[in-house]
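Inspection log for the structure reproduced underneath, given as C-alpha cells.
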Amino acid sequence: MNKTAIIYSFNTKKTGKVAEKIIEAFNDDQLSSINAEELTEELFTSYNQIIMGVATWFDGELPNHWDEFVPALEDLDLSGKKIALFGLGDQKGYPENFLDGMGIMAQILVGLGATLVGFTSTQGYEFESSRALRGDMFTGLAIDYENQGSLNKERIANWVEQLKREFS
Ligand SMILES: Cc1cc2nc3c(=O)[nH]c(=O)nc-3n(C[C@H](O)[C@H](O)[C@H](O)COP(=O)(O)O)c2cc1C
C-alpha cells in the first residue's frame with residue numbers, strides 16, 4: 001500500500017498555510033503530516049509518496065530546517081519514491097532567485113533516485129531566473145503569496161487533482 005506524507009516546517013507561516021490547504025484539498029485521512037524540524041531518515045524513508053514544502057530564504061537558499069536535513073538526506077537511496085514539491089517565493093522581490101529553494105531540493109532528490117511528480121506550467125508568472133525550472137516547467141507547485149495570493153486556492157486545487165493522478 002502506498003503511504004503518503006506531507007512534510008513541512010510547522011513553524012513557518014506561509015508554507016504552513018499552504019500545507020493546510022493542500023491537506024484539506026486531499027481530503028484523505030491516510031495523508032500524514034510531518035514537521036520537517038523533527039524529521040529523521042527512518043521517518044522519511046517509511047513513506048513512498050511524499051509532498052514537501054520548500055520556501056526560498058536568504059536570496060536563493062533553502063530554509064534552515066531543510067538545509068540542516070540535507071546531510072542526512074544525502075545518505076538515502078530514494079529510488080522507487082515519488083516526491084512532489086511545493087515551493088513558496090516572491091517573484092517581484094526576488095526575480096533572479098524565484099523559487100530557487102524548490103529547485104535546489106529538486107536537484108538533490110533526483111540525484112538520490114527519487115521520481116519527481118507535480119510539475120507545473122510557468123504561465124502567469126514573471127521573473128528573471130529560477131533554479132526551479134526544468135525546461136519550461138517548474139519542478140512543483142509555485143506559490144507566490146506576496147504578489148499572487150488570490151490565485152493560491154485555484155493553483156492548489158488543480159495541483160492536488162494532478163497529484164491524485166500522478167501518485168498511486
Ligand atoms: C529575507 C528573505 C529572503 C527571501 N529570498 C527569496 C528568494 O531568494 N527567492 C524567492 O523566490 N523568495 C524569497 N523570499 C520570499 C519567501 O520565500 C516568501 O515570503 C515565502 O512565502 C516565505 O514562506 P514562509 O513564511 O513559509 O517561510 C525571501 C523572503 C525573505 C524574508
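Labeling convention for the C-alpha cells: chains A, B, ... as they appear, residues from 1 per chain, ligands from 1 in order of appearance.
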Can you tell me which residues surround Leu39 (chain A) at a distance of at most 12 Å, considering only C-alpha atoms, apart from same-chain residues fewer than 3 positions away, and format the answer as a PDB file with all heavy atoms, in the first residue's frame?
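This is the output file selection27.pdb:
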```pdb
ATOM      1  N   ALA A   5       2.943  11.097   2.830  1.00  0.00           N
ATOM      2  CA  ALA A   5       3.173  12.100   3.882  1.00  0.00           C
ATOM      3  C   ALA A   5       3.342  13.475   3.270  1.00  0.00           C
ATOM      4  O   ALA A   5       3.820  13.606   2.141  1.00  0.00           O
ATOM      5  CB  ALA A   5       4.429  11.747   4.678  1.00  0.00           C
ATOM      6  N   ILE A   6       2.938  14.485   4.019  1.00  0.00           N
ATOM      7  CA  ILE A   6       3.266  15.865   3.649  1.00  0.00           C
ATOM      8  C   ILE A   6       4.205  16.388   4.731  1.00  0.00           C
ATOM      9  O   ILE A   6       3.917  16.289   5.924  1.00  0.00           O
ATOM     10  CB  ILE A   6       1.996  16.737   3.471  1.00  0.00           C
ATOM     11  CG1 ILE A   6       2.369  18.179   3.114  1.00  0.00           C
ATOM     12  CG2 ILE A   6       1.066  16.682   4.662  1.00  0.00           C
ATOM     13  CD1 ILE A   6       1.197  18.998   2.563  1.00  0.00           C
ATOM     14  N   ILE A   7       5.367  16.865   4.293  1.00  0.00           N
ATOM     15  CA  ILE A   7       6.411  17.284   5.239  1.00  0.00           C
ATOM     16  C   ILE A   7       6.710  18.769   5.028  1.00  0.00           C
ATOM     17  O   ILE A   7       7.017  19.192   3.905  1.00  0.00           O
ATOM     18  CB  ILE A   7       7.705  16.465   5.041  1.00  0.00           C
ATOM     19  CG1 ILE A   7       7.409  14.959   5.017  1.00  0.00           C
ATOM     20  CG2 ILE A   7       8.714  16.792   6.137  1.00  0.00           C
ATOM     21  CD1 ILE A   7       8.630  14.074   4.742  1.00  0.00           C
ATOM     22  N   TYR A   8       6.611  19.530   6.096  1.00  0.00           N
ATOM     23  CA  TYR A   8       6.898  20.972   6.041  1.00  0.00           C
ATOM     24  C   TYR A   8       7.192  21.431   7.454  1.00  0.00           C
ATOM     25  O   TYR A   8       6.907  20.709   8.414  1.00  0.00           O
ATOM     26  CB  TYR A   8       5.689  21.733   5.447  1.00  0.00           C
ATOM     27  CG  TYR A   8       4.423  21.611   6.256  1.00  0.00           C
ATOM     28  CD1 TYR A   8       4.040  22.618   7.149  1.00  0.00           C
ATOM     29  CD2 TYR A   8       3.623  20.471   6.170  1.00  0.00           C
ATOM     30  CE1 TYR A   8       2.891  22.483   7.927  1.00  0.00           C
ATOM     31  CE2 TYR A   8       2.475  20.334   6.940  1.00  0.00           C
ATOM     32  CZ  TYR A   8       2.118  21.339   7.815  1.00  0.00           C
ATOM     33  OH  TYR A   8       0.988  21.202   8.593  1.00  0.00           O
ATOM     34  N   SER A   9       7.768  22.609   7.574  1.00  0.00           N
ATOM     35  CA  SER A   9       8.039  23.108   8.917  1.00  0.00           C
ATOM     36  C   SER A   9       6.753  23.640   9.528  1.00  0.00           C
ATOM     37  O   SER A   9       6.113  24.525   8.948  1.00  0.00           O
ATOM     38  CB  SER A   9       9.087  24.223   8.867  1.00  0.00           C
ATOM     39  OG  SER A   9       9.015  24.960  10.072  1.00  0.00           O
ATOM     40  N   PHE A  10       6.414  23.133  10.712  1.00  0.00           N
ATOM     41  CA  PHE A  10       5.199  23.595  11.392  1.00  0.00           C
ATOM     42  C   PHE A  10       5.389  25.011  11.941  1.00  0.00           C
ATOM     43  O   PHE A  10       4.445  25.619  12.388  1.00  0.00           O
ATOM     44  CB  PHE A  10       4.828  22.640  12.551  1.00  0.00           C
ATOM     45  CG  PHE A  10       4.300  21.286  12.103  1.00  0.00           C
ATOM     46  CD1 PHE A  10       4.325  20.894  10.771  1.00  0.00           C
ATOM     47  CD2 PHE A  10       3.764  20.407  13.039  1.00  0.00           C
ATOM     48  CE1 PHE A  10       3.835  19.646  10.373  1.00  0.00           C
ATOM     49  CE2 PHE A  10       3.263  19.160  12.651  1.00  0.00           C
ATOM     50  CZ  PHE A  10       3.304  18.778  11.315  1.00  0.00           C
ATOM     51  N   SER A  33       0.857  14.183   8.329  1.00  0.00           N
ATOM     52  CA  SER A  33       1.582  15.462   8.371  1.00  0.00           C
ATOM     53  C   SER A  33       2.803  15.310   9.257  1.00  0.00           C
ATOM     54  O   SER A  33       2.694  14.848  10.396  1.00  0.00           O
ATOM     55  CB  SER A  33       0.721  16.554   8.994  1.00  0.00           C
ATOM     56  OG  SER A  33      -0.346  16.832   8.180  1.00  0.00           O
ATOM     57  N   ILE A  34       3.941  15.728   8.740  1.00  0.00           N
ATOM     58  CA  ILE A  34       5.193  15.586   9.495  1.00  0.00           C
ATOM     59  C   ILE A  34       5.907  16.927   9.557  1.00  0.00           C
ATOM     60  O   ILE A  34       6.021  17.631   8.542  1.00  0.00           O
ATOM     61  CB  ILE A  34       6.092  14.524   8.828  1.00  0.00           C
ATOM     62  CG1 ILE A  34       5.415  13.152   8.909  1.00  0.00           C
ATOM     63  CG2 ILE A  34       7.478  14.491   9.448  1.00  0.00           C
ATOM     64  CD1 ILE A  34       6.091  12.081   8.113  1.00  0.00           C
ATOM     65  N   ASN A  35       6.393  17.267  10.760  1.00  0.00           N
ATOM     66  CA  ASN A  35       7.139  18.503  10.934  1.00  0.00           C
ATOM     67  C   ASN A  35       8.573  18.317  10.436  1.00  0.00           C
ATOM     68  O   ASN A  35       9.310  17.471  10.962  1.00  0.00           O
ATOM     69  CB  ASN A  35       7.131  18.871  12.426  1.00  0.00           C
ATOM     70  CG  ASN A  35       7.731  20.237  12.678  1.00  0.00           C
ATOM     71  OD1 ASN A  35       8.283  20.864  11.765  1.00  0.00           O
ATOM     72  ND2 ASN A  35       7.628  20.696  13.907  1.00  0.00           N
ATOM     73  N   ALA A  36       8.974  19.092   9.452  1.00  0.00           N
ATOM     74  CA  ALA A  36      10.327  18.977   8.883  1.00  0.00           C
ATOM     75  C   ALA A  36      11.397  19.174   9.950  1.00  0.00           C
ATOM     76  O   ALA A  36      12.521  18.683   9.815  1.00  0.00           O
ATOM     77  CB  ALA A  36      10.504  20.000   7.768  1.00  0.00           C
ATOM     78  N   GLU A  42      14.686   7.633   9.100  1.00  0.00           N
ATOM     79  CA  GLU A  42      13.763   6.484   9.180  1.00  0.00           C
ATOM     80  C   GLU A  42      12.351   6.917   8.825  1.00  0.00           C
ATOM     81  O   GLU A  42      11.656   6.241   8.074  1.00  0.00           O
ATOM     82  CB  GLU A  42      13.747   5.884  10.608  1.00  0.00           C
ATOM     83  CG  GLU A  42      15.038   5.200  11.011  1.00  0.00           C
ATOM     84  CD  GLU A  42      16.163   6.179  11.328  1.00  0.00           C
ATOM     85  OE1 GLU A  42      15.881   7.346  11.697  1.00  0.00           O
ATOM     86  OE2 GLU A  42      17.337   5.789  11.180  1.00  0.00           O
ATOM     87  N   LEU A  43      11.947   8.059   9.389  1.00  0.00           N
ATOM     88  CA  LEU A  43      10.599   8.554   9.134  1.00  0.00           C
ATOM     89  C   LEU A  43      10.447   8.887   7.650  1.00  0.00           C
ATOM     90  O   LEU A  43       9.461   8.509   6.998  1.00  0.00           O
ATOM     91  CB  LEU A  43      10.363   9.804   9.997  1.00  0.00           C
ATOM     92  CG  LEU A  43       8.934  10.291  10.167  1.00  0.00           C
ATOM     93  CD1 LEU A  43       8.030   9.180  10.677  1.00  0.00           C
ATOM     94  CD2 LEU A  43       8.911  11.471  11.153  1.00  0.00           C
ATOM     95  N   PHE A  44      11.432   9.565   7.105  1.00  0.00           N
ATOM     96  CA  PHE A  44      11.370   9.978   5.698  1.00  0.00           C
ATOM     97  C   PHE A  44      11.233   8.759   4.789  1.00  0.00           C
ATOM     98  O   PHE A  44      10.385   8.723   3.895  1.00  0.00           O
ATOM     99  CB  PHE A  44      12.634  10.776   5.341  1.00  0.00           C
ATOM    100  CG  PHE A  44      12.547  11.487   4.013  1.00  0.00           C
ATOM    101  CD1 PHE A  44      12.017  12.769   3.921  1.00  0.00           C
ATOM    102  CD2 PHE A  44      13.000  10.881   2.850  1.00  0.00           C
ATOM    103  CE1 PHE A  44      11.930  13.428   2.708  1.00  0.00           C
ATOM    104  CE2 PHE A  44      12.921  11.530   1.630  1.00  0.00           C
ATOM    105  CZ  PHE A  44      12.385  12.805   1.560  1.00  0.00           C
ATOM    106  N   THR A  45      12.049   7.745   5.044  1.00  0.00           N
ATOM    107  CA  THR A  45      12.049   6.587   4.133  1.00  0.00           C
ATOM    108  C   THR A  45      10.880   5.633   4.384  1.00  0.00           C
ATOM    109  O   THR A  45      10.669   4.705   3.621  1.00  0.00           O
ATOM    110  CB  THR A  45      13.372   5.798   4.219  1.00  0.00           C
ATOM    111  OG1 THR A  45      13.673   5.570   5.589  1.00  0.00           O
ATOM    112  CG2 THR A  45      14.502   6.531   3.547  1.00  0.00           C
ATOM    113  N   SER A  46      10.098   5.873   5.447  1.00  0.00           N
ATOM    114  CA  SER A  46       8.958   4.986   5.685  1.00  0.00           C
ATOM    115  C   SER A  46       7.767   5.333   4.782  1.00  0.00           C
ATOM    116  O   SER A  46       6.769   4.623   4.782  1.00  0.00           O
ATOM    117  CB  SER A  46       8.556   5.003   7.165  1.00  0.00           C
ATOM    118  OG  SER A  46       8.022   6.253   7.503  1.00  0.00           O
ATOM    119  N   MET A  52       6.581  17.715  -0.198  1.00  0.00           N
ATOM    120  CA  MET A  52       7.480  18.517   0.645  1.00  0.00           C
ATOM    121  C   MET A  52       7.270  20.006   0.368  1.00  0.00           C
ATOM    122  O   MET A  52       7.241  20.422  -0.791  1.00  0.00           O
ATOM    123  CB  MET A  52       8.950  18.172   0.335  1.00  0.00           C
ATOM    124  CG  MET A  52       9.351  16.776   0.782  1.00  0.00           C
ATOM    125  SD  MET A  52      10.915  16.223   0.037  1.00  0.00           S
ATOM    126  CE  MET A  52      12.096  17.345   0.783  1.00  0.00           C
ATOM    127  N   HIS A  65      15.592  24.707   8.150  1.00  0.00           N
ATOM    128  CA  HIS A  65      15.167  23.349   8.537  1.00  0.00           C
ATOM    129  C   HIS A  65      15.472  22.333   7.454  1.00  0.00           C
ATOM    130  O   HIS A  65      15.776  21.188   7.749  1.00  0.00           O
ATOM    131  CB  HIS A  65      13.680  23.325   8.918  1.00  0.00           C
ATOM    132  CG  HIS A  65      12.768  24.009   7.950  1.00  0.00           C
ATOM    133  ND1 HIS A  65      12.495  25.347   8.017  1.00  0.00           N
ATOM    134  CD2 HIS A  65      12.099  23.544   6.868  1.00  0.00           C
ATOM    135  CE1 HIS A  65      11.677  25.673   7.030  1.00  0.00           C
ATOM    136  NE2 HIS A  65      11.432  24.600   6.308  1.00  0.00           N
ATOM    137  N   TRP A  66      15.405  22.738   6.175  1.00  0.00           N
ATOM    138  CA  TRP A  66      15.753  21.792   5.098  1.00  0.00           C
ATOM    139  C   TRP A  66      17.260  21.690   4.931  1.00  0.00           C
ATOM    140  O   TRP A  66      17.806  20.611   4.719  1.00  0.00           O
ATOM    141  CB  TRP A  66      15.080  22.176   3.780  1.00  0.00           C
ATOM    142  CG  TRP A  66      13.640  21.755   3.727  1.00  0.00           C
ATOM    143  CD1 TRP A  66      12.555  22.555   3.478  1.00  0.00           C
ATOM    144  CD2 TRP A  66      13.108  20.422   3.920  1.00  0.00           C
ATOM    145  NE1 TRP A  66      11.397  21.811   3.528  1.00  0.00           N
ATOM    146  CE2 TRP A  66      11.700  20.509   3.794  1.00  0.00           C
ATOM    147  CE3 TRP A  66      13.680  19.189   4.220  1.00  0.00           C
ATOM    148  CZ2 TRP A  66      10.860  19.397   3.934  1.00  0.00           C
ATOM    149  CZ3 TRP A  66      12.854  18.085   4.360  1.00  0.00           C
ATOM    150  CH2 TRP A  66      11.469  18.193   4.217  1.00  0.00           C
ATOM    151  N   GLU A  68      19.457  21.889   7.114  1.00  0.00           N
ATOM    152  CA  GLU A  68      20.016  21.034   8.173  1.00  0.00           C
ATOM    153  C   GLU A  68      19.753  19.552   7.929  1.00  0.00           C
ATOM    154  O   GLU A  68      20.482  18.692   8.410  1.00  0.00           O
ATOM    155  CB  GLU A  68      19.426  21.455   9.534  1.00  0.00           C
ATOM    156  CG  GLU A  68      20.082  22.719  10.040  1.00  0.00           C
ATOM    157  CD  GLU A  68      19.267  23.454  11.090  1.00  0.00           C
ATOM    158  OE1 GLU A  68      18.330  22.843  11.671  1.00  0.00           O
ATOM    159  OE2 GLU A  68      19.559  24.643  11.316  1.00  0.00           O
ATOM    160  N   PHE A  69      18.709  19.233   7.178  1.00  0.00           N
ATOM    161  CA  PHE A  69      18.392  17.818   6.921  1.00  0.00           C
ATOM    162  C   PHE A  69      19.145  17.266   5.702  1.00  0.00           C
ATOM    163  O   PHE A  69      19.250  16.052   5.533  1.00  0.00           O
ATOM    164  CB  PHE A  69      16.871  17.648   6.743  1.00  0.00           C
ATOM    165  CG  PHE A  69      16.423  16.202   6.683  1.00  0.00           C
ATOM    166  CD1 PHE A  69      16.555  15.371   7.793  1.00  0.00           C
ATOM    167  CD2 PHE A  69      15.880  15.664   5.520  1.00  0.00           C
ATOM    168  CE1 PHE A  69      16.158  14.037   7.749  1.00  0.00           C
ATOM    169  CE2 PHE A  69      15.475  14.325   5.458  1.00  0.00           C
ATOM    170  CZ  PHE A  69      15.617  13.511   6.579  1.00  0.00           C
ATOM    171  N   VAL A  70      19.690  18.159   4.869  1.00  0.00           N
ATOM    172  CA  VAL A  70      20.334  17.710   3.629  1.00  0.00           C
ATOM    173  C   VAL A  70      21.453  16.676   3.850  1.00  0.00           C
ATOM    174  O   VAL A  70      21.496  15.660   3.146  1.00  0.00           O
ATOM    175  CB  VAL A  70      20.806  18.906   2.769  1.00  0.00           C
ATOM    176  CG1 VAL A  70      21.752  18.472   1.654  1.00  0.00           C
ATOM    177  CG2 VAL A  70      19.595  19.618   2.155  1.00  0.00           C
ATOM    178  N   ALA A  72      21.743  14.354   6.055  1.00  0.00           N
ATOM    179  CA  ALA A  72      21.108  13.052   6.326  1.00  0.00           C
ATOM    180  C   ALA A  72      20.432  12.534   5.051  1.00  0.00           C
ATOM    181  O   ALA A  72      20.546  11.348   4.700  1.00  0.00           O
ATOM    182  CB  ALA A  72      20.082  13.194   7.441  1.00  0.00           C
ATOM    183  N   LEU A  73      19.783  13.442   4.358  1.00  0.00           N
ATOM    184  CA  LEU A  73      19.087  13.085   3.120  1.00  0.00           C
ATOM    185  C   LEU A  73      20.065  12.479   2.109  1.00  0.00           C
ATOM    186  O   LEU A  73      19.755  11.489   1.434  1.00  0.00           O
ATOM    187  CB  LEU A  73      18.449  14.370   2.558  1.00  0.00           C
ATOM    188  CG  LEU A  73      17.434  14.295   1.436  1.00  0.00           C
ATOM    189  CD1 LEU A  73      16.238  13.459   1.860  1.00  0.00           C
ATOM    190  CD2 LEU A  73      16.970  15.704   1.066  1.00  0.00           C
TER     191      LEU A  73
END
```
Enumerate residues in contact with ligand 1: an atom-to-atom distance of at most 8 Å, counting only C-alpha atoms and all ligand atoms. Format the result as number ranges by chain.
A: 9, 12-17, 55-61, 63, 87-91, 93-101, 143-146
For Gly113 (chain A), the closest of A:Arg155, A:Arg165, A:Lys82, A:Lys92 counting only C-alpha atoms is A:Lys82
Please measure the separation of CA of Lys164 (chain A) and CA of Leu112 (chain A), giving the value in Å to one decimal.
23.5 Å
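Comparing A:Asp67, A:Glu154, A:Asp136, A:Glu128 by their smallest distance to Val18 (chain A), the closest is A:Glu154 (using only C-alpha atoms).
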Extract, using only C-alpha atoms, all DNA, RNA and protein residues at most 12 Å from Leu116 (chain A), discarding same-chain residues fewer than 6 positions from it, and format them as a PyMOL selection string.
chain A and resi 48-52+78-86+102-103+105-110+134+138-141+163+166-167
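Across the structure, CA of Glu74 (chain A) and CA of Gly111 (chain A) are spaced 8.8 Å apart.
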Apply DSSP to the structure's backbone, then extract all residues of region 90-140 of chain A labelled alpha helix (DSSP H) and return them as an mmCIF file with all heavy atoms, in the first residue's frame.
```cif
data_model
loop_
_atom_site.group_PDB
_atom_site.id
_atom_site.type_symbol
_atom_site.label_atom_id
_atom_site.label_comp_id
_atom_site.auth_asym_id
_atom_site.auth_seq_id
_atom_site.Cartn_x
_atom_site.Cartn_y
_atom_site.Cartn_z
ATOM 1 N N ASP A 100 14.133 29.401 -5.933
ATOM 2 C CA ASP A 100 15.390 28.637 -6.019
ATOM 3 C C ASP A 100 15.421 27.466 -5.035
ATOM 4 O O ASP A 100 15.956 26.400 -5.343
ATOM 5 C CB ASP A 100 16.596 29.549 -5.749
ATOM 6 C CG ASP A 100 17.055 30.298 -6.976
ATOM 7 O OD1 ASP A 100 16.397 30.182 -8.030
ATOM 8 O OD2 ASP A 100 18.067 31.024 -6.877
ATOM 9 N N GLY A 101 14.866 27.675 -3.849
ATOM 10 C CA GLY A 101 14.885 26.614 -2.827
ATOM 11 C C GLY A 101 14.250 25.333 -3.346
ATOM 12 O O GLY A 101 14.788 24.229 -3.162
ATOM 13 N N MET A 102 13.112 25.484 -4.014
ATOM 14 C CA MET A 102 12.442 24.298 -4.568
ATOM 15 C C MET A 102 13.336 23.619 -5.620
ATOM 16 O O MET A 102 13.421 22.387 -5.680
ATOM 17 C CB MET A 102 11.086 24.693 -5.191
ATOM 18 C CG MET A 102 10.361 23.529 -5.826
ATOM 19 S SD MET A 102 8.604 23.819 -6.093
ATOM 20 C CE MET A 102 8.612 24.902 -7.523
ATOM 21 N N GLY A 103 14.028 24.433 -6.417
ATOM 22 C CA GLY A 103 14.919 23.872 -7.444
ATOM 23 C C GLY A 103 16.123 23.166 -6.849
ATOM 24 O O GLY A 103 16.561 22.120 -7.341
ATOM 25 N N ILE A 104 16.671 23.741 -5.768
ATOM 26 C CA ILE A 104 17.822 23.110 -5.103
ATOM 27 C C ILE A 104 17.402 21.746 -4.555
ATOM 28 O O ILE A 104 18.087 20.733 -4.729
ATOM 29 C CB ILE A 104 18.339 24.025 -3.956
ATOM 30 C CG1 ILE A 104 18.939 25.307 -4.529
ATOM 31 C CG2 ILE A 104 19.340 23.289 -3.064
ATOM 32 C CD1 ILE A 104 19.184 26.413 -3.489
ATOM 33 N N MET A 105 16.239 21.711 -3.900
ATOM 34 C CA MET A 105 15.753 20.451 -3.330
ATOM 35 C C MET A 105 15.457 19.442 -4.446
ATOM 36 O O MET A 105 15.786 18.257 -4.320
ATOM 37 C CB MET A 105 14.512 20.701 -2.472
ATOM 38 C CG MET A 105 14.017 19.487 -1.752
ATOM 39 S SD MET A 105 15.272 18.698 -0.700
ATOM 40 C CE MET A 105 15.109 19.664 0.804
ATOM 41 N N ALA A 106 14.881 19.908 -5.548
ATOM 42 C CA ALA A 106 14.569 19.005 -6.666
ATOM 43 C C ALA A 106 15.844 18.333 -7.171
ATOM 44 O O ALA A 106 15.885 17.117 -7.411
ATOM 45 C CB ALA A 106 13.897 19.785 -7.799
ATOM 46 N N GLN A 107 16.887 19.113 -7.304
ATOM 47 C CA GLN A 107 18.158 18.583 -7.817
ATOM 48 C C GLN A 107 18.731 17.516 -6.872
ATOM 49 O O GLN A 107 19.193 16.461 -7.311
ATOM 50 C CB GLN A 107 19.143 19.744 -7.973
ATOM 51 C CG GLN A 107 20.387 19.358 -8.729
ATOM 52 C CD GLN A 107 21.300 20.559 -8.940
ATOM 53 O OE1 GLN A 107 20.937 21.704 -8.680
ATOM 54 N NE2 GLN A 107 22.498 20.291 -9.426
ATOM 55 N N ILE A 108 18.658 17.782 -5.578
ATOM 56 C CA ILE A 108 19.162 16.815 -4.596
ATOM 57 C C ILE A 108 18.364 15.512 -4.679
ATOM 58 O O ILE A 108 18.920 14.412 -4.742
ATOM 59 C CB ILE A 108 19.090 17.406 -3.165
ATOM 60 C CG1 ILE A 108 20.062 18.580 -3.027
ATOM 61 C CG2 ILE A 108 19.380 16.331 -2.108
ATOM 62 C CD1 ILE A 108 19.888 19.405 -1.753
ATOM 63 N N LEU A 109 17.036 15.637 -4.706
ATOM 64 C CA LEU A 109 16.166 14.453 -4.681
ATOM 65 C C LEU A 109 16.359 13.591 -5.926
ATOM 66 O O LEU A 109 16.439 12.360 -5.843
ATOM 67 C CB LEU A 109 14.696 14.879 -4.550
ATOM 68 C CG LEU A 109 14.333 15.598 -3.246
ATOM 69 C CD1 LEU A 109 12.931 16.189 -3.342
ATOM 70 C CD2 LEU A 109 14.439 14.660 -2.046
ATOM 71 N N VAL A 110 16.443 14.236 -7.078
ATOM 72 C CA VAL A 110 16.629 13.491 -8.327
ATOM 73 C C VAL A 110 17.981 12.770 -8.290
ATOM 74 O O VAL A 110 18.098 11.608 -8.693
ATOM 75 C CB VAL A 110 16.495 14.424 -9.556
ATOM 76 C CG1 VAL A 110 16.980 13.747 -10.827
ATOM 77 C CG2 VAL A 110 15.049 14.867 -9.714
ATOM 78 N N GLY A 111 18.993 13.434 -7.750
ATOM 79 C CA GLY A 111 20.325 12.836 -7.616
ATOM 80 C C GLY A 111 20.318 11.595 -6.725
ATOM 81 O O GLY A 111 21.178 10.727 -6.850
#
```
Would you please give, as a PyMOL selection string, all residues of region 5-161 of chain A that DSSP assigns to strand (DSSP E or B) based on the backbone?
chain A and resi 5-8+31-35+49-55+57+61+82-88+115-117+120-121+133-134+137-138+140-143
